[in-house]
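This report concerns only the one structure given below.
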Amino acid sequence: MIGFVQNIVDALSLGSIYALAALGIGLLFGILRLINFAHGDFITIGAFALIVPSRNETAVMGIGSLPFIIMVPAVCAIVVIAALMSDRLVFRPLRRASSPTLMVASFSVGYLIQNSILVIFGARPKGIDLWSALGKQIAVGPLRVPQLELVTIGVTLLLMLALSAFLKKTPYGMQIRAAAEDFQMARYLGVKANSAIGVAFALSGILAAAVSLLYISQTGTLTNVLGVPLMLYAFIATVIGGMGSLVGAVVGGFTVGFLAVMLQAYLPDDLRSFRDAFVFGAVVLVLLVRPAGIIPTRALAQRV
Amino acid sequence: MGLLPKLDSSGSVGVAVAARAPNTADSDPIPVMESEAADLVADDITVAFGGLVAIDNVTLRIMRREILGLIGPNGAGKTTLVNCLTGFQRPNKGEIRLGGQIASAWSPQHFRKAGISRTFQAGRLFRDMTVLENVEVTAAGVGRLRQASRRMALEILDHFGIADKAQTIAGTLAYTDERRVGIARALVVAPAFVLLDEPAAGMTNAECDDLMTAISGIPDDFGCGVLIVEHNMRVVMGVCRRIHVLDSGRTIAEGTPSEIQTNRAVIDAYLGTGTPR
């Protein structure tokens, strides 16, 4: 029983990271019909933003050594700038392009980022130490929970509440929701498309930066492709959650997190190394039952 | 042209004469523009989709502070004409003018900024947003600040008797309330003209009565001209002082409701002539 509760905390923590990444993808899909495969690489940028650019084997903390209250906004700013630049330079010129074209463009942005990091930081993985003090376990009754997992879950909840408040309460948020639901109509009614899309890119950058910090504090390893598997899981999360639905993205993120942790824990030893095959098999099952995702969106039905 | 001032003060006779003003104005448009600087005009426009002529040399003028009815059998070209007057369709021939400015090539957004607002047959509300947000986002879209947008949105919802539904999700509204929100959304930007595309479709008589009261008040309450496309004759005859009738893309009559009701061509268009045309 203790082990099961322990697994649930693990699943919530992993699910949080997937949910945050999925939200970043879902936001842009909602408004632009762009499946942004570069989102994982935005996460990578956030991670590398912590260290001093060099090709040396040992990483030297740059921004990462600053006080928390400066470091977090600085990392966010760097990822947001990268996200806004990719919009301005790549996606804005493609505004009238089809969804598949946008998706291919996002792959190119992703590869460009991965290889730029390779050129600047070298190919060897680098170990860094971010908030290792959080690795301590705290006892909750008979449970021993790593502090970091609780921080991850807490930060995710906060970010989701903040995002929801932003979308509900601010004029920009309202414009983003209107544009996500009916882009043509929103434009006709005076929503400034480019600024609404820009804000969505900025929000997705902030979410990516949060994932960078949470993920790196858990793994402590920097590679130029560290965001790729995250992107893959987050993308799957948005698909099973229901493309275009932000609630769906969160639900999907936690679903994938739970599947991964529970299968890891309860699969027979021989099968454990094939865990991902079981995760994806379960995804296929979900899609067979609910082809439009767990929480289907009207917007998708109309436009795709 | 001296007849035009009568429009404001007198009843339907003056209106009926004024309805023909655009035709006579063609040769000498300048004086007309002076007195009707703000009119929305479709001047002898033709729209063809491939070989199909949807609008055939139609001239129509909407004046500030009047309610003009646009009727005709299905496929007469009413919505196409509305699309031309709001930038959604470019006429192949002829001109759209707003206050003397040539607007034929304007985008829908440009028309909106210039004060031409419209509703859509399908409603096209943002279904996942609340009623208030639907109206508010539109007010914000024309650059109103948050507080002002919200205040205006609430006022206008109140005017249409749906203030109590402000927090309802638009997708769950009854059909008739959906229409009302659509009209509120079109009016919140304080337009010079508002074009209503079948606002009464699917409404019961009682609902139509409410709608007629609301629409009749628009010119005075919002200071704008109204073009209403509608199949429900009770509504059209009840709120319009002037009616324009299209059939197969052509103007077949214009005049007061009583003139239209007795007009031979209109009766033939709606009921058939008895002999193949």
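To be explicit about the labels: the chains of the structure tokens are called A, B, and onward in the order shown, and within each one the residues are counted from 1, while ligands get numbers from 1 in the order they are shown.
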
Report as CSV the residues of chain B within 7 Å of chain A, each with its shortest atom pair and distance in Å (one decimal), using only C-alpha atoms, ordered by chain and increasing residue number.
residue,atom,partner,partner_atom,distance
B:Pro108,CA,A:Tyr188,CA,6.5
B:Gln109,CA,A:Tyr188,CA,5.4
B:Phe126,CA,A:Ala178,CA,6.3
B:Val137,CA,A:Gln175,CA,6.4
B:Thr138,CA,A:Leu189,CA,5.5
B:Gly141,CA,A:Gly190,CA,4.1
B:Val142,CA,A:Gly190,CA,5.7
B:Arg146,CA,A:Pro171,CA,6.6

For B:Asp209, work out the shell of residues within 8 Å, counting only C-alpha atoms and skipping chain neighbours fewer than 4 positions away, then give it as a VMD selection string. chain B and resid 205 213 235

Mind giving me the straight-line distance from atom CA of A:Ala59 to atom CA of A:Val145 in Å, one decimal? 29.0 Å

What's around stretch 51-56 of chain A at 10 Å? Count only C-alpha atoms, leave out sequence neighbours fewer than 2 positions away in its own chain, and write the answer as a list of chain:residue names. A:Gly46, A:Ala47, A:Phe48, A:Ala49, A:Thr58, A:Ala59, A:Val60, A:Met61, A:Gly62, A:Ile63, A:Gly64, A:Ser65, A:Ile117, A:Leu118, A:Val119, A:Ile120, A:Phe121, A:Gly122, A:Ala123, A:Arg124, A:Lys126, A:Ile128, A:Leu222

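Non-sequential neighbours of stretch 193-204 of chain B (distance at most 8 Å, separation of 6 or more positions within a chain, only C-alpha atoms) are B:Leu40, B:Arg64, B:Thr79, B:Val82, B:Gly115, B:Ile116, B:Ser117, B:Arg118, B:Thr119, B:Phe120, B:Gln121, B:Tyr175, B:Thr176, B:Arg179, B:Ile183, B:Ala186, B:Leu187, B:Leu211, B:Cys224, B:Gly225, B:Val226, B:Leu227, B:Ile228, B:Val229, B:Glu230, B:His231, B:Asn232, B:Val235.
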
Neighbour list for A:Ala210 as an mmCIF file with N, CA and C atoms, in the first residue's frame, cut-off 8 Å, only C-alpha atoms, skip fewer than 3 positions in-chain:
data_model
loop_
_atom_site.group_PDB
_atom_site.id
_atom_site.type_symbol
_atom_site.label_atom_id
_atom_site.label_comp_id
_atom_site.auth_asym_id
_atom_site.auth_seq_id
_atom_site.Cartn_x
_atom_site.Cartn_y
_atom_site.Cartn_z
ATOM 1 N N LEU A 20 2.691 20.138 -18.199
ATOM 2 C CA LEU A 20 3.193 21.484 -18.496
ATOM 3 C C LEU A 20 3.668 21.588 -19.940
ATOM 4 N N CYS A 76 13.311 32.226 -18.072
ATOM 5 C CA CYS A 76 12.042 32.418 -18.777
ATOM 6 C C CYS A 76 12.220 33.399 -19.932
ATOM 7 N N ILE A 206 7.221 30.438 -21.527
ATOM 8 C CA ILE A 206 7.312 30.414 -20.062
ATOM 9 C C ILE A 206 7.076 28.994 -19.540
ATOM 10 N N LEU A 207 6.077 28.310 -20.141
ATOM 11 C CA LEU A 207 5.808 26.932 -19.723
ATOM 12 C C LEU A 207 7.013 26.041 -20.016
ATOM 13 N N LEU A 213 13.566 23.852 -15.953
ATOM 14 C CA LEU A 213 14.118 23.926 -14.601
ATOM 15 C C LEU A 213 13.720 22.704 -13.777
ATOM 16 N N LEU A 214 12.455 22.321 -13.854
ATOM 17 C CA LEU A 214 11.995 21.176 -13.063
ATOM 18 C C LEU A 214 12.677 19.891 -13.530
#

For the structure I just gave you, how does DSSP split stretch 40-115 of chain B - specifically, which residues are helix (DSSP H, G or I)? Reply as an MDAnalysis selection string. chainID B and resid 78:85 108:113

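Minimum distance to B:Leu173 across B:Arg65, B:Arg241, B:Arg151, B:Arg127 (counting only C-alpha atoms) occurs at B:Arg127.
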
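Going from atom CA of A:Val5 to atom CA of A:Ala265 covers 11.7 Å.
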
May I have the residues within 9 Å of A:Gly40 as a ChimeraX atom specification, using only C-alpha atoms and disregarding those fewer than 4 positions away in the same chain? /A:21,36,44-45,110,208,225-232,234

Would you output that residue set with N, CA and C atoms, as an mmCIF file, in the first residue's frame?
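Below is the file that was written, again-v1.cif:
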data_model
loop_
_atom_site.group_PDB
_atom_site.id
_atom_site.type_symbol
_atom_site.label_atom_id
_atom_site.label_comp_id
_atom_site.auth_asym_id
_atom_site.auth_seq_id
_atom_site.Cartn_x
_atom_site.Cartn_y
_atom_site.Cartn_z
ATOM 1 N N ALA A 21 4.408 20.551 -20.368
ATOM 2 C CA ALA A 21 4.904 20.563 -21.746
ATOM 3 C C ALA A 21 3.731 20.487 -22.723
ATOM 4 N N ASN A 36 3.694 22.164 -32.581
ATOM 5 C CA ASN A 36 5.046 22.722 -32.504
ATOM 6 C C ASN A 36 6.049 21.694 -31.995
ATOM 7 N N THR A 44 14.979 22.575 -24.116
ATOM 8 C CA THR A 44 16.430 22.420 -24.116
ATOM 9 C C THR A 44 17.128 23.778 -23.963
ATOM 10 N N ILE A 45 16.618 24.786 -24.666
ATOM 11 C CA ILE A 45 17.209 26.117 -24.562
ATOM 12 C C ILE A 45 17.165 26.602 -23.114
ATOM 13 N N GLY A 110 13.214 23.053 -34.721
ATOM 14 C CA GLY A 110 13.747 22.154 -33.705
ATOM 15 C C GLY A 110 15.161 21.697 -34.034
ATOM 16 N N ALA A 208 7.642 26.250 -21.183
ATOM 17 C CA ALA A 208 8.816 25.449 -21.539
ATOM 18 C C ALA A 208 9.947 25.708 -20.548
ATOM 19 N N VAL A 225 19.676 17.189 -27.082
ATOM 20 C CA VAL A 225 18.368 16.622 -27.450
ATOM 21 C C VAL A 225 17.533 16.274 -26.225
ATOM 22 N N LEU A 226 17.809 16.931 -25.103
ATOM 23 C CA LEU A 226 17.120 16.510 -23.884
ATOM 24 C C LEU A 226 15.615 16.754 -23.952
ATOM 25 N N GLY A 227 15.207 17.718 -24.783
ATOM 26 C CA GLY A 227 13.776 18.022 -24.856
ATOM 27 C C GLY A 227 13.001 17.082 -25.766
ATOM 28 N N VAL A 228 13.720 16.305 -26.584
ATOM 29 C CA VAL A 228 13.019 15.519 -27.609
ATOM 30 C C VAL A 228 12.068 14.475 -27.018
ATOM 31 N N PRO A 229 12.543 13.641 -26.084
ATOM 32 C CA PRO A 229 11.590 12.671 -25.513
ATOM 33 C C PRO A 229 10.440 13.347 -24.770
ATOM 34 N N LEU A 230 10.730 14.480 -24.109
ATOM 35 C CA LEU A 230 9.661 15.213 -23.421
ATOM 36 C C LEU A 230 8.605 15.657 -24.411
ATOM 37 N N MET A 231 9.095 16.188 -25.551
ATOM 38 C CA MET A 231 8.175 16.639 -26.590
ATOM 39 C C MET A 231 7.305 15.480 -27.068
ATOM 40 N N LEU A 232 7.948 14.314 -27.250
ATOM 41 C CA LEU A 232 7.214 13.160 -27.753
ATOM 42 C C LEU A 232 6.080 12.781 -26.793
ATOM 43 N N ALA A 234 4.765 14.648 -24.458
ATOM 44 C CA ALA A 234 3.797 15.745 -24.329
ATOM 45 C C ALA A 234 2.874 15.777 -25.543
#

Give me the residues near A:Met160 as a list in words, where near means some atom within 9 Å (using only C-alpha atoms) and where sequence neighbours in that chain fewer than 5 positions away do not count. Leu20, Leu23, Val155, Ala165 and Val250 of chain A

Any chance you could export the current selection's N, CA and C atoms as a PDB file, in the first residue's frame?
ATOM      1  N   LEU A  20       2.691  20.138 -18.199  1.00  0.00           N
ATOM      2  CA  LEU A  20       3.193  21.484 -18.496  1.00  0.00           C
ATOM      3  C   LEU A  20       3.668  21.588 -19.940  1.00  0.00           C
ATOM      4  N   LEU A  23       0.712  21.540 -22.247  1.00  0.00           N
ATOM      5  CA  LEU A  23       0.007  22.822 -22.265  1.00  0.00           C
ATOM      6  C   LEU A  23       0.658  23.793 -23.253  1.00  0.00           C
ATOM      7  N   VAL A 155       4.469  23.563  -8.260  1.00  0.00           N
ATOM      8  CA  VAL A 155       4.731  24.564  -9.298  1.00  0.00           C
ATOM      9  C   VAL A 155       3.770  24.372 -10.466  1.00  0.00           C
ATOM     10  N   ALA A 165      -6.119  31.758 -15.066  1.00  0.00           N
ATOM     11  CA  ALA A 165      -6.536  33.116 -14.701  1.00  0.00           C
ATOM     12  C   ALA A 165      -6.193  34.090 -15.826  1.00  0.00           C
ATOM     13  N   VAL A 250      -3.764  18.774 -20.112  1.00  0.00           N
ATOM     14  CA  VAL A 250      -3.390  18.465 -18.725  1.00  0.00           C
ATOM     15  C   VAL A 250      -3.796  17.029 -18.383  1.00  0.00           C
TER      16      VAL A 250
END

Every residue of stretch 131-253 of chain B that DSSP places in strand (DSSP E), as a PyMOL selection string: chain B and resi 193-197+225-229+242-247+250-253

Quick one: write out the picked residues with C-alpha atoms as a short mmCIF file (atom, residue, chain, number, x, y, z; two decimals), in the first residue's frame?
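Writing the result to part-v8.cif gives the following:
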data_model
loop_
_atom_site.label_atom_id
_atom_site.label_comp_id
_atom_site.auth_asym_id
_atom_site.auth_seq_id
_atom_site.Cartn_x
_atom_site.Cartn_y
_atom_site.Cartn_z
CA PHE B 193 -24.74 50.70 -39.75
CA VAL B 194 -25.65 47.25 -38.61
CA LEU B 195 -26.70 44.50 -41.01
CA LEU B 196 -28.81 41.74 -39.49
CA ASP B 197 -28.93 38.49 -41.44
CA GLY B 225 -28.91 52.58 -39.64
CA VAL B 226 -30.18 49.01 -39.84
CA LEU B 227 -30.48 46.64 -42.77
CA ILE B 228 -32.51 43.59 -41.88
CA VAL B 229 -32.64 40.49 -44.06
CA ARG B 242 -38.88 50.93 -46.30
CA ILE B 243 -38.40 47.56 -47.95
CA HIS B 244 -36.21 46.44 -50.82
CA VAL B 245 -37.21 43.27 -52.65
CA LEU B 246 -34.82 41.08 -54.61
CA ASP B 247 -35.67 38.16 -56.83
CA ARG B 250 -32.60 41.74 -59.40
CA THR B 251 -34.43 44.50 -57.60
CA ILE B 252 -38.12 43.92 -58.28
CA ALA B 253 -39.61 46.48 -55.91
#
